[in-house]
Amino acid sequence: MTKDIPMRFKPSEFEAKWQKKWEEAGTYVNDMKKSPRPYYNLMMFPYPSAEGLHVGNMYAFTGVDIHGRFMRMQGFDVFEPIGLDGFGIHSENYAMKVGRKPQEHAKISQENFYRQLRATGNGFDWTRTVETYDPDYYRWTQWLFVAMFKHGLAYRAKAQVNWCPGCKTVLADEQVVGKKVEQVGKVDKVEQGSTGVIARNEVTKQSQEKEIAAPSLPTGLAMTKDVCERCSTPVVKKELEQWFFRITAYAERLLQNTYKPIFNWPDKVKLGQRNWIGKKEGININYPIIQLSNNPISTNKYIYNVVVFTTRPDTNFGATFIVVAPEHPIIEKITTPEYIEAVKAYIKTSQNKSKEERVTEGRKKTGVFTGSYAINQLNNYKMPIWVADFVLMDVGTGAVVGVPGHDKRDFEFAVVMNLPIKRVVVGKDGDTSKITRPEQVQELEGKMINSGFLNGLEIQTAISKMMDYLEEKGWGKRVTTYHLRDWLISRQRYWGAPIPMIYCQHCADKGESWFSSEEAKKMSFPRRPKADPPLAEKRESIQIDPRVKPEDDNQRAENDNKWAVGWWPVPEDQLPVTLPDVDDWRPTGTGRGPLAGHPEFYKTTCPNCGGAAQRETDVCDTFLDSSWYYLRYPSVNKKSNVIARRNEMTTKQSQEVEIASPVRQLVRNDNQLPWDPDITQHWFPVDSYIGGAEHTVLHLLYTRFTWMALRDWGFIKIKYQISNIKDKEGYKLTDSGVANAPQNDVILANEVRPESDLPWDPSEPFKRFFAHGLIIKDGAKMSKSKGNVVVPDEYIKLYGTDTLRTYLMFLGPFDGGGDFRDSGIAGMYRWLSRVWRLAMEKVPQVARVSKVPRDEEKTRDTLDTRGTLQMLHKTIKGVTEDIKHLHYNTAISKLMEFVNWWMENTDQVDTTMVIDFLKLLAPFAPHMTEELWQNLSVSRVAQVPQVPPEEKARGTRDTLDTRVTFSSIHHEPWPKYDEKLLVEDQVTIIVQVNGKMRDSLVLSTQNANSQTVIEQVARASAKTQKWLSGNSIKKVVFVPAKLINFVV
RNA sequence: GCCGGGGUGGUGGAAUGGCAGACACGCAGGUCUCAAAAACCUGUGAGUAUAACAACUCAUGAGAGUUCGACUCUCUCCCUCGGCACCA
């Protein structure tokens, strides 16, 4: 070896070079319409936060990229896009902090992020990035809003909403998080970092240290505050008119899909989604109300009734009172004169309390009597109706039936208010005595007593029997309730897509809205899917006489649209409604967005009557932007030089191959959709989606909802690619470790098959979702305010991207995450250096000049390489399996084991083995393996056969990509292993006595299954003898080729 | 309170019924060197024991159970992390 060979591993000398080369050559760019084996490898796009890309982001992206590179080497056309989720409160808050306009900040952070992202060495398709604040993008976000509106899924309603005084905007339920608060003197400190809140929370220095005035609390009582997930400011409730998406209409489908066996998601995330949807099956029971002061009991007449939701009607014989929420509309109707003052006072106090005060103070129950009674028709028991603030208006029907004997909360209330307690359930302990202590409150199990026709039944049986009975009598109706609420879209902020709606007073005066237009009447599909009745409807039902028939679905649909009077969507061809560049963009705190101060923005003309009208001035929630971004990527065409060149090459072919797709017939014009239907049907659903588990209920639920809606409306059609071989990943690894997808799946793809044939669920956007772990630092998520941000840049400068990538993946299992520490990164650098040196020794000095292999490289057969080959093939098998299951840390350790072997047997590892090894390492360390591979195989490149004519005609990747000029290791086929080579000559048999290892025997493989031989050898061994002598053997356990155990 | 994940050397972790601690980090000693760095080699769970080897015992949060055999399966408990929560 002479000195001029770069024996030293210096990543800085080649990493940037390859990044540039890959991008120029389009190594990771596909022909979006024709790639024969599309594989959509999606990762969650980052929001460009204050601190730039940190190692936590890099950890996630690297893990996804390794999967993509692996799949590419399996022969798939891997599409791996990236973009920026740059709209929204988060970016705006940061812009505010640094005193820049959001759009200026966006420009700066975009540049910085994309620079950092390029340095990660990921196989991104840089010709198709998506930025949510790009008018070309949010034009379609607005289009989606309009589509939701036209399909009856977007509506405007007055509601109690979460208001963040810090961010000066409303928040969706999902964006409000609980945080524990301990009392510290007269003020409370919001604990930071104590919960997972911090994981998705960027806390500013100010808010972190801000002391929040708290209600006086009993000393030592901790409580949970509802705070804004962005800034940790406690949220308050405000009554505002807002836009909502009717996600509740999809609650059942969103739930049911998670139970399908092909729903390939982590159990943890599935459960999270199910819990959030929170389906409960119960019954609404009607109780007629009597007012003692006005009506003698004997008349048994009622004007009003109260509806109560319960999941436990079995205990209804034990009901002794009713409690309604202070906001309940029935209160003013039924409160008797002598109680009016007290009730009014109580309601006023509770209105002044925040939710958390009510919750906390509610533990010592308070309440007032209304003077009215409800009749339990089961036993004609007269139940006093109380008002108490532990009952929440937005849960169930806002009224509960008190069964103090069998509900802890009801028990507490009954004790405080001195209400009767009846026992109707006997538990396992057989206690039938009077219930006087909380421990006696039997909630979950037991048999019914004192309950008429239910006596003796187990509670489960009693529940359904009681429901049957109540329905039969017409006293109740089974209902299903969900915890999921409709998605609040409006934000009183600036940095978002303006909500594309127009309000026209003239049309409103005439009672007109878009729903009365010709266009609306032409829409044939139901405008309003059946759904759980929204809150407002539930409240109304409380006052409806049960004898009045409920409205039918059509009637309801019409009623549903009453709110819309005067509202018109911005016509699609006028989108986008551009966000104007204004100076007073900061949030106002008045309950209206900054755009409300700009007549030049909101003054417009009515799309219907042409008269003066006003635009909506609120903007969309960021989660709307990110709910569909993955649909946009494949259809974005940034027209880079590469693409332009390719298009020239392929124009002719694509014209020839053009076929009429069913989607085209449905949609008149591609310009009406955010995507090219041909491309979309080629790439969807997404093959693999990998992202953080912290998005369990937010992003993922919205995304699934959006997909389902778009598909229902016919905007997305999927081409069902049925291959002969299918497993849940849609491909299968053969024994030799190479993907064996049939060549003809392109043809089969034109065949329309029933959905039930599919190995995945087309009603879901992702064939699988995988949640990676979160990298934290010093126990908290990295954030600038915490001063714990670890930026990859320094490490990349010091050790190179490959080292950092491999190091991050070696830290632990990919779904685990963990606390970042850099103590071992130098070790990873040393290991890659070792690989570099060892491989470099195989680069023949002569060959590097003449491109002809040295003779000694041909002499492989003369060396004793069998052991080495076996080692290599074991490694191929292990690494292949591990990467396939995203077990990157163990894959790397197997590569290390091979290198350890290699160090000890340098002369037995030849060039072809080195090349195979480099391919296994390539997904982890893409740059150095490319560099080495180019050096080692430069002579092979010249021999790459020209693309055969028939392939050229098909227009597959080989024609289009840069193979002719540049062949990348990342397009090489994954190494195969030979099962025959894995068979060992010898096996080690463990000898145990009483289950303890006492000896091990090395035997030839042919004897491995013979108990007779092994037992004989084992008994003869001196070590074993020591333990056997003097004992009689009671039993011999033999596991072929593994162990023999003597029981004495 | 309910639901879910987890608890293995000084550290990250490996092993899914069959040799506990793979692979690394760290640490200690050594080779090379005038010296250092780099590189390479050796050792490294705790203990008993030994001049050294050998050998043995104990160890996967605690305790029980199933089994010839348990980090792995079952039960009880403890701790920890995450989610939900006066949800009727």
# chains A, B, ... in the order shown; residues from 1 in each chain; ligands from 1
$ residues_around --residues "segment 43-52 of chain B" --least-positions-apart "5" --cutoff "12 Å" --atoms "only C-alpha atoms (C1' of nucleotides)" --output "ChimeraX atom specification"
/B:8-10,20-21,26-30,57-60
$ write_last_selection --atoms "C-alpha atoms (C1' of nucleotides)" --output "PDB file, in the first residue's frame"
ATOM      1  C1'   U B   8     -31.313  -7.289  32.701  1.00  0.00           C
ATOM      2  C1'   G B   9     -23.598  -5.280  34.541  1.00  0.00           C
ATOM      3  C1'   G B  10     -20.739   1.239  35.666  1.00  0.00           C
ATOM      4  C1'   A B  20     -28.096 -14.654  30.704  1.00  0.00           C
ATOM      5  C1'   G B  21     -25.214 -10.156  29.533  1.00  0.00           C
ATOM      6  C1'   G B  26     -16.732   3.252  29.504  1.00  0.00           C
ATOM      7  C1'   C B  27     -12.779   1.640  32.496  1.00  0.00           C
ATOM      8  C1'   A B  28      -7.995  -0.997  33.508  1.00  0.00           C
ATOM      9  C1'   G B  29      -3.522  -3.110  31.659  1.00  0.00           C
ATOM     10  C1'   G B  30      -0.353  -3.920  27.465  1.00  0.00           C
ATOM     11  C1'   U B  57     -22.178 -20.273  44.128  1.00  0.00           C
ATOM     12  C1'   C B  58     -25.341 -16.177  43.304  1.00  0.00           C
ATOM     13  C1'   A B  59     -27.549 -12.958  39.814  1.00  0.00           C
ATOM     14  C1'   U B  60     -32.585 -10.356  34.712  1.00  0.00           C
TER      15        U B  60
END
$ interface_residues --of "chain B" --to "chain A" --cutoff "10 Å" --atoms "only C-alpha atoms (C1' of nucleotides)" --output "JSON list (two decimals) with N, CA, C and O atoms (P, O5', C5', C4', C3', O3' and C1' of nucleotides), in the first residue's frame"
[["chain", "number", "residue", "atom", "x", "y", "z"],
["B", 3, "C", "P", -57.89, -1.34, 33.92],
["B", 3, "C", "O5'", -57.31, -0.79, 32.55],
["B", 3, "C", "C5'", -58.10, -0.80, 31.36],
["B", 3, "C", "C4'", -57.36, -0.12, 30.25],
["B", 3, "C", "C3'", -55.95, -0.63, 29.99],
["B", 3, "C", "O3'", -55.93, -1.84, 29.25],
["B", 3, "C", "C1'", -55.90, 1.72, 30.04],
["B", 4, "G", "P", -54.76, -2.90, 29.51],
["B", 4, "G", "O5'", -53.50, -2.17, 28.87],
["B", 4, "G", "C5'", -53.37, -2.09, 27.45],
["B", 4, "G", "C4'", -52.24, -1.17, 27.08],
["B", 4, "G", "C3'", -50.85, -1.62, 27.49],
["B", 4, "G", "O3'", -50.34, -2.65, 26.66],
["B", 4, "G", "C1'", -51.08, 0.67, 27.94],
["B", 5, "G", "P", -49.23, -3.64, 27.26],
["B", 5, "G", "O5'", -47.92, -2.77, 27.21],
["B", 5, "G", "C5'", -47.36, -2.37, 25.96],
["B", 5, "G", "C4'", -46.19, -1.44, 26.18],
["B", 5, "G", "C3'", -45.02, -2.02, 26.96],
["B", 5, "G", "O3'", -44.20, -2.85, 26.16],
["B", 5, "G", "C1'", -45.47, 0.15, 27.74],
["B", 11, "U", "P", -25.51, 0.87, 35.37],
["B", 11, "U", "O5'", -25.17, 1.66, 34.03],
["B", 11, "U", "C5'", -25.32, 3.07, 33.96],
["B", 11, "U", "C4'", -25.14, 3.51, 32.52],
["B", 11, "U", "C3'", -26.03, 2.79, 31.52],
["B", 11, "U", "O3'", -27.33, 3.35, 31.47],
["B", 11, "U", "C1'", -23.81, 2.80, 30.71],
["B", 12, "G", "P", -28.54, 2.45, 31.03],
["B", 12, "G", "O5'", -28.33, 2.35, 29.45],
["B", 12, "G", "C5'", -28.44, 3.54, 28.66],
["B", 12, "G", "C4'", -28.22, 3.20, 27.22],
["B", 12, "G", "C3'", -29.06, 2.06, 26.67],
["B", 12, "G", "O3'", -30.38, 2.50, 26.40],
["B", 12, "G", "C1'", -26.84, 1.80, 25.93],
["B", 13, "G", "P", -31.59, 1.49, 26.43],
["B", 13, "G", "O5'", -31.23, 0.57, 25.17],
["B", 13, "G", "C5'", -31.60, -0.80, 25.12],
["B", 13, "G", "C4'", -30.58, -1.53, 24.29],
["B", 13, "G", "C3'", -30.84, -3.01, 24.13],
["B", 13, "G", "O3'", -31.55, -3.22, 22.91],
["B", 13, "G", "C1'", -28.68, -2.68, 25.02],
["B", 14, "A", "P", -32.51, -4.43, 22.75],
["B", 14, "A", "O5'", -31.53, -5.69, 22.77],
["B", 14, "A", "C5'", -30.75, -5.94, 21.61],
["B", 14, "A", "C4'", -30.00, -7.24, 21.75],
["B", 14, "A", "C3'", -30.83, -8.48, 21.95],
["B", 14, "A", "O3'", -31.42, -8.89, 20.74],
["B", 14, "A", "C1'", -28.90, -8.56, 23.30],
["B", 18, "G", "P", -35.48, -20.32, 24.68],
["B", 18, "G", "O5'", -34.27, -21.20, 25.20],
["B", 18, "G", "C5'", -33.84, -21.05, 26.55],
["B", 18, "G", "C4'", -32.76, -22.06, 26.86],
["B", 18, "G", "C3'", -31.80, -22.30, 25.71],
["B", 18, "G", "O3'", -30.50, -22.47, 26.25],
["B", 18, "G", "C1'", -32.82, -24.35, 26.33],
["B", 19, "C", "P", -29.61, -21.17, 26.52],
["B", 19, "C", "O5'", -28.28, -21.93, 26.92],
["B", 19, "C", "C5'", -28.14, -22.57, 28.19],
["B", 19, "C", "C4'", -26.80, -22.22, 28.75],
["B", 19, "C", "C3'", -26.56, -20.71, 28.89],
["B", 19, "C", "O3'", -25.80, -20.47, 30.06],
["B", 19, "C", "C1'", -24.94, -21.62, 27.46],
["B", 22, "A", "P", -21.79, -9.92, 26.24],
["B", 22, "A", "O5'", -21.68, -10.31, 24.69],
["B", 22, "A", "C5'", -21.81, -11.67, 24.29],
["B", 22, "A", "C4'", -22.55, -11.74, 22.97],
["B", 22, "A", "C3'", -22.13, -10.70, 21.93],
["B", 22, "A", "O3'", -20.99, -11.12, 21.21],
["B", 22, "A", "C1'", -24.49, -10.76, 22.08],
["B", 23, "C", "P", -19.72, -10.20, 21.10],
["B", 23, "C", "O5'", -20.33, -8.88, 20.46],
["B", 23, "C", "C5'", -20.81, -8.87, 19.13],
["B", 23, "C", "C4'", -21.43, -7.54, 18.83],
["B", 23, "C", "C3'", -20.59, -6.35, 19.26],
["B", 23, "C", "O3'", -19.60, -6.06, 18.29],
["B", 23, "C", "C1'", -22.80, -6.03, 20.01],
["B", 24, "A", "P", -18.26, -5.36, 18.71],
["B", 24, "A", "O5'", -18.83, -3.90, 18.97],
["B", 24, "A", "C5'", -18.32, -3.11, 20.00],
["B", 24, "A", "C4'", -19.25, -1.95, 20.21],
["B", 24, "A", "C3'", -18.77, -0.93, 21.22],
["B", 24, "A", "O3'", -17.91, 0.00, 20.60],
["B", 24, "A", "C1'", -20.97, -1.56, 21.74],
["B", 25, "C", "P", -16.61, 0.47, 21.37],
["B", 25, "C", "O5'", -17.24, 1.44, 22.46],
["B", 25, "C", "C5'", -17.98, 2.59, 22.05],
["B", 25, "C", "C4'", -18.65, 3.22, 23.25],
["B", 25, "C", "C3'", -17.73, 3.54, 24.40],
["B", 25, "C", "O3'", -17.01, 4.74, 24.18],
["B", 25, "C", "C1'", -19.66, 2.50, 25.23],
["B", 26, "G", "P", -15.50, 4.85, 24.66],
["B", 26, "G", "O5'", -15.62, 4.72, 26.24],
["B", 26, "G", "C5'", -16.26, 5.75, 26.99],
["B", 26, "G", "C4'", -16.41, 5.31, 28.43],
["B", 26, "G", "C3'", -15.11, 4.92, 29.12],
["B", 26, "G", "O3'", -14.45, 6.06, 29.63],
["B", 26, "G", "C1'", -16.73, 3.25, 29.50],
["B", 39, "A", "P", -8.21, 4.85, 16.66],
["B", 39, "A", "O5'", -7.30, 3.63, 16.18],
["B", 39, "A", "C5'", -7.16, 3.36, 14.79],
["B", 39, "A", "C4'", -6.07, 2.35, 14.58],
["B", 39, "A", "C3'", -6.24, 1.05, 15.36],
["B", 39, "A", "O3'", -7.13, 0.17, 14.72],
["B", 39, "A", "C1'", -4.04, 1.83, 15.61],
["B", 68, "C", "P", -41.77, -31.56, 34.37],
["B", 68, "C", "O5'", -40.22, -31.26, 34.56],
["B", 68, "C", "C5'", -39.42, -32.05, 35.44],
["B", 68, "C", "C4'", -37.96, -31.79, 35.14],
["B", 68, "C", "C3'", -37.59, -30.33, 35.02],
["B", 68, "C", "O3'", -37.36, -29.75, 36.29],
["B", 68, "C", "C1'", -36.69, -31.51, 33.19],
["B", 69, "G", "P", -37.94, -28.33, 36.58],
["B", 69, "G", "O5'", -37.12, -27.43, 35.57],
["B", 69, "G", "C5'", -35.74, -27.21, 35.81],
["B", 69, "G", "C4'", -35.12, -26.46, 34.66],
["B", 69, "G", "C3'", -35.75, -25.11, 34.34],
["B", 69, "G", "O3'", -35.26, -24.12, 35.20],
["B", 69, "G", "C1'", -35.42, -26.32, 32.34],
["B", 81, "C", "P", -41.71, 8.55, 36.42],
["B", 81, "C", "O5'", -42.00, 8.32, 34.87],
["B", 81, "C", "C5'", -40.94, 8.37, 33.92],
["B", 81, "C", "C4'", -41.38, 7.74, 32.62],
["B", 81, "C", "C3'", -42.66, 8.31, 32.02],
["B", 81, "C", "O3'", -42.45, 9.55, 31.36],
["B", 81, "C", "C1'", -42.76, 5.97, 31.93],
["B", 82, "G", "P", -43.63, 10.63, 31.39],
["B", 82, "G", "O5'", -44.71, 9.99, 30.41],
["B", 82, "G", "C5'", -44.48, 9.98, 29.01],
["B", 82, "G", "C4'", -45.52, 9.15, 28.31],
["B", 82, "G", "C3'", -46.96, 9.60, 28.42],
["B", 82, "G", "O3'", -47.25, 10.73, 27.63],
["B", 82, "G", "C1'", -46.86, 7.27, 28.69],
["B", 83, "G", "P", -48.44, 11.71, 28.13],
["B", 83, "G", "O5'", -49.74, 10.88, 27.74],
["B", 83, "G", "C5'", -50.04, 10.61, 26.37],
["B", 83, "G", "C4'", -51.24, 9.71, 26.28],
["B", 83, "G", "C3'", -52.52, 10.25, 26.91],
["B", 83, "G", "O3'", -53.18, 11.16, 26.06],
["B", 83, "G", "C1'", -52.20, 8.03, 27.61],
["B", 84, "C", "P", -53.99, 12.36, 26.71],
["B", 84, "C", "O5'", -55.21, 11.61, 27.41],
["B", 84, "C", "C5'", -56.24, 11.02, 26.61],
["B", 84, "C", "C4'", -57.21, 10.28, 27.48],
["B", 84, "C", "C3'", -57.90, 11.11, 28.56],
["B", 84, "C", "O3'", -58.91, 11.96, 28.06],
["B", 84, "C", "C1'", -57.21, 9.07, 29.48],
["B", 85, "A", "P", -59.13, 13.33, 28.85],
["B", 85, "A", "O5'", -59.71, 12.88, 30.25],
["B", 85, "A", "C5'", -61.03, 12.40, 30.35],
["B", 85, "A", "C4'", -61.24, 11.81, 31.71],
["B", 85, "A", "C3'", -61.33, 12.79, 32.87],
["B", 85, "A", "O3'", -62.56, 13.47, 32.89],
["B", 85, "A", "C1'", -60.04, 10.93, 33.51],
["B", 86, "C", "P", -62.74, 14.64, 33.89],
["B", 86, "C", "O5'", -63.61, 13.82, 34.94],
["B", 86, "C", "C5'", -63.64, 14.19, 36.33],
["B", 86, "C", "C4'", -64.42, 13.09, 37.01],
["B", 86, "C", "C3'", -65.76, 12.80, 36.34],
["B", 86, "C", "O3'", -66.21, 11.49, 36.70],
["B", 86, "C", "C1'", -66.10, 13.66, 38.49],
["B", 87, "C", "P", -65.73, 10.19, 35.87],
["B", 87, "C", "O5'", -66.51, 10.42, 34.51],
["B", 87, "C", "C5'", -67.87, 10.05, 34.37],
["B", 87, "C", "C4'", -68.10, 9.46, 32.99],
["B", 87, "C", "C3'", -67.00, 8.49, 32.56],
["B", 87, "C", "O3'", -67.42, 7.15, 32.35],
["B", 87, "C", "C1'", -67.18, 10.33, 31.00],
["B", 88, "A", "P", -68.51, 6.51, 31.60],
["B", 88, "A", "O5'", -69.72, 6.58, 32.63],
["B", 88, "A", "C5'", -71.04, 6.55, 32.12],
["B", 88, "A", "C4'", -71.95, 7.10, 33.17],
["B", 88, "A", "C3'", -73.35, 7.43, 32.70],
["B", 88, "A", "O3'", -74.17, 6.29, 32.59],
["B", 88, "A", "C1'", -72.54, 9.16, 34.06]]
$ atom_distance --atom1 "atom CA of Ile969 of chain A" --atom2 "atom CA of Tyr689 of chain A"
24.8 Å
$ residues_around --residues "segment 18-22 of chain A" --least-positions-apart "2" --cutoff "9 Å" --atoms "only C-alpha atoms (C1' of nucleotides)" --output "compact mmCIF listing (two decimals) with all heavy atoms, in the first residue's frame"
# COMPACT_ATOMS: atom_id res chain seq x y z
N PHE A 14 -15.95 13.12 0.90
CA PHE A 14 -16.82 12.56 -0.14
C PHE A 14 -18.32 12.67 0.14
O PHE A 14 -19.12 12.47 -0.76
CB PHE A 14 -16.45 11.10 -0.41
CG PHE A 14 -16.46 10.24 0.82
CD1 PHE A 14 -17.64 9.74 1.32
CD2 PHE A 14 -15.27 9.92 1.47
CE1 PHE A 14 -17.66 8.96 2.45
CE2 PHE A 14 -15.28 9.13 2.61
CZ PHE A 14 -16.47 8.64 3.10
N GLU A 15 -18.71 12.97 1.38
CA GLU A 15 -20.15 12.94 1.67
C GLU A 15 -20.92 13.98 0.87
O GLU A 15 -21.93 13.67 0.23
CB GLU A 15 -20.40 13.10 3.17
CG GLU A 15 -20.02 11.83 3.94
CD GLU A 15 -20.49 11.82 5.37
OE1 GLU A 15 -20.82 12.89 5.92
OE2 GLU A 15 -20.54 10.72 5.96
N ALA A 16 -20.42 15.21 0.89
CA ALA A 16 -21.11 16.27 0.15
C ALA A 16 -21.11 15.96 -1.35
O ALA A 16 -22.08 16.21 -2.06
CB ALA A 16 -20.45 17.61 0.43
N GLU A 24 -28.20 15.48 -8.51
CA GLU A 24 -28.06 15.83 -9.93
C GLU A 24 -28.50 14.69 -10.83
O GLU A 24 -29.16 14.88 -11.85
CB GLU A 24 -26.60 16.17 -10.24
CG GLU A 24 -26.20 17.56 -9.83
CD GLU A 24 -24.70 17.79 -9.95
OE1 GLU A 24 -23.98 16.88 -10.44
OE2 GLU A 24 -24.26 18.87 -9.55
N ALA A 25 -28.12 13.50 -10.42
CA ALA A 25 -28.40 12.34 -11.27
C ALA A 25 -29.82 11.81 -11.07
O ALA A 25 -30.27 10.94 -11.80
CB ALA A 25 -27.39 11.23 -10.97
N GLY A 26 -30.51 12.34 -10.07
CA GLY A 26 -31.86 11.86 -9.82
C GLY A 26 -31.89 10.42 -9.32
O GLY A 26 -32.80 9.66 -9.63
N THR A 27 -30.92 10.07 -8.53
CA THR A 27 -30.82 8.70 -8.02
C THR A 27 -32.08 8.29 -7.26
O THR A 27 -32.47 7.13 -7.27
CB THR A 27 -29.58 8.59 -7.11
OG1 THR A 27 -28.44 9.00 -7.87
CG2 THR A 27 -29.37 7.17 -6.63
N TYR A 28 -32.71 9.24 -6.60
CA TYR A 28 -33.89 8.90 -5.78
C TYR A 28 -35.17 9.47 -6.37
O TYR A 28 -36.13 9.74 -5.66
CB TYR A 28 -33.68 9.40 -4.35
CG TYR A 28 -32.35 8.97 -3.77
CD1 TYR A 28 -31.40 9.90 -3.37
CD2 TYR A 28 -32.05 7.62 -3.66
CE1 TYR A 28 -30.18 9.49 -2.85
CE2 TYR A 28 -30.82 7.20 -3.15
CZ TYR A 28 -29.89 8.15 -2.75
OH TYR A 28 -28.68 7.73 -2.25
N ARG A 118 -30.71 17.97 3.67
CA ARG A 118 -29.84 17.42 2.62
C ARG A 118 -28.63 16.75 3.25
O ARG A 118 -28.14 15.74 2.76
CB ARG A 118 -29.40 18.53 1.67
CG ARG A 118 -30.44 18.87 0.63
CD ARG A 118 -29.89 19.87 -0.38
NE ARG A 118 -30.71 19.89 -1.59
CZ ARG A 118 -31.78 20.66 -1.74
NH1 ARG A 118 -32.15 21.47 -0.78
NH2 ARG A 118 -32.48 20.62 -2.86
N ALA A 119 -28.16 17.33 4.36
CA ALA A 119 -26.96 16.81 5.01
C ALA A 119 -27.21 15.48 5.72
O ALA A 119 -26.26 14.82 6.15
CB ALA A 119 -26.41 17.83 5.98
N GLY A 121 -28.25 12.92 4.34
CA GLY A 121 -27.94 11.84 3.40
C GLY A 121 -29.13 10.95 3.10
O GLY A 121 -28.96 9.81 2.66
N ASN A 122 -30.34 11.45 3.35
CA ASN A 122 -31.52 10.63 3.06
C ASN A 122 -31.83 10.63 1.57
O ASN A 122 -31.52 11.59 0.87
CB ASN A 122 -32.72 11.17 3.83
CG ASN A 122 -32.67 10.81 5.29
OD1 ASN A 122 -31.69 10.23 5.76
ND2 ASN A 122 -33.70 11.12 6.02
N GLY A 123 -32.47 9.56 1.13
CA GLY A 123 -32.82 9.44 -0.28
C GLY A 123 -34.10 10.17 -0.62
O GLY A 123 -35.05 9.58 -1.13
N PRO A 926 -24.79 5.46 3.68
CA PRO A 926 -24.91 5.51 2.22
C PRO A 926 -23.72 6.15 1.50
O PRO A 926 -23.42 5.76 0.38
CB PRO A 926 -26.18 6.34 1.99
CG PRO A 926 -26.42 7.07 3.26
CD PRO A 926 -25.85 6.23 4.36
N HIS A 927 -23.04 7.07 2.16
CA HIS A 927 -21.98 7.78 1.45
C HIS A 927 -20.71 6.95 1.33
O HIS A 927 -20.15 6.79 0.26
CB HIS A 927 -21.62 9.10 2.16
CG HIS A 927 -22.80 9.97 2.43
ND1 HIS A 927 -23.60 9.81 3.55
CD2 HIS A 927 -23.33 11.00 1.74
CE1 HIS A 927 -24.57 10.72 3.53
NE2 HIS A 927 -24.43 11.45 2.45
N GLU A 930 -21.03 4.04 -0.92
CA GLU A 930 -21.02 4.47 -2.33
C GLU A 930 -19.58 4.71 -2.79
O GLU A 930 -19.14 4.22 -3.83
CB GLU A 930 -21.84 5.75 -2.49
CG GLU A 930 -21.97 6.25 -3.92
CD GLU A 930 -23.02 5.49 -4.74
OE1 GLU A 930 -22.73 4.35 -5.14
OE2 GLU A 930 -24.11 6.03 -4.97
N GLU A 931 -18.84 5.44 -1.98
CA GLU A 931 -17.45 5.78 -2.31
C GLU A 931 -16.62 4.50 -2.49
O GLU A 931 -15.91 4.34 -3.47
CB GLU A 931 -16.87 6.66 -1.20
CG GLU A 931 -15.42 7.03 -1.36
CD GLU A 931 -15.18 8.11 -2.41
OE1 GLU A 931 -16.16 8.76 -2.82
OE2 GLU A 931 -14.01 8.30 -2.81
N SER A 968 -25.26 3.59 -9.05
CA SER A 968 -25.14 3.76 -7.60
C SER A 968 -25.31 2.44 -6.89
O SER A 968 -26.10 1.59 -7.30
CB SER A 968 -26.21 4.75 -7.12
OG SER A 968 -26.26 4.74 -5.71
$ select_by_dssp --residues "segment 777-833 of chain A" --states "strand (DSSP E or B)" --output "PyMOL selection string"
chain A and resi 777+780+818-819
$ atom_distance --atom1 "atom CA of Val415 of chain A" --atom2 "atom CA of Ala342 of chain A"
20.2 Å
$ atom_distance --atom1 "atom CA of Gly371 of chain A" --atom2 "atom CA of Thr335 of chain A"
5.9 Å
$ residues_around --residues "Thr680 of chain A" --least-positions-apart "4" --cutoff "8 Å" --atoms "only C-alpha atoms (C1' of nucleotides)" --output "PyMOL selection string"
chain A and resi 631+634-635+675-676+684+716-718
$ residues_around --residues "Ile340 of chain A" --least-positions-apart "5" --cutoff "12 Å" --atoms "only C-alpha atoms (C1' of nucleotides)" --output "number ranges by chain"
A: 331-335, 345-347, 368-372, 387
$ closest_residue --among "A:Ser1010, A:His885, A:Leu53, A:Trp265" --to "Gly691 of chain A" --atoms "only C-alpha atoms"
A:Trp265
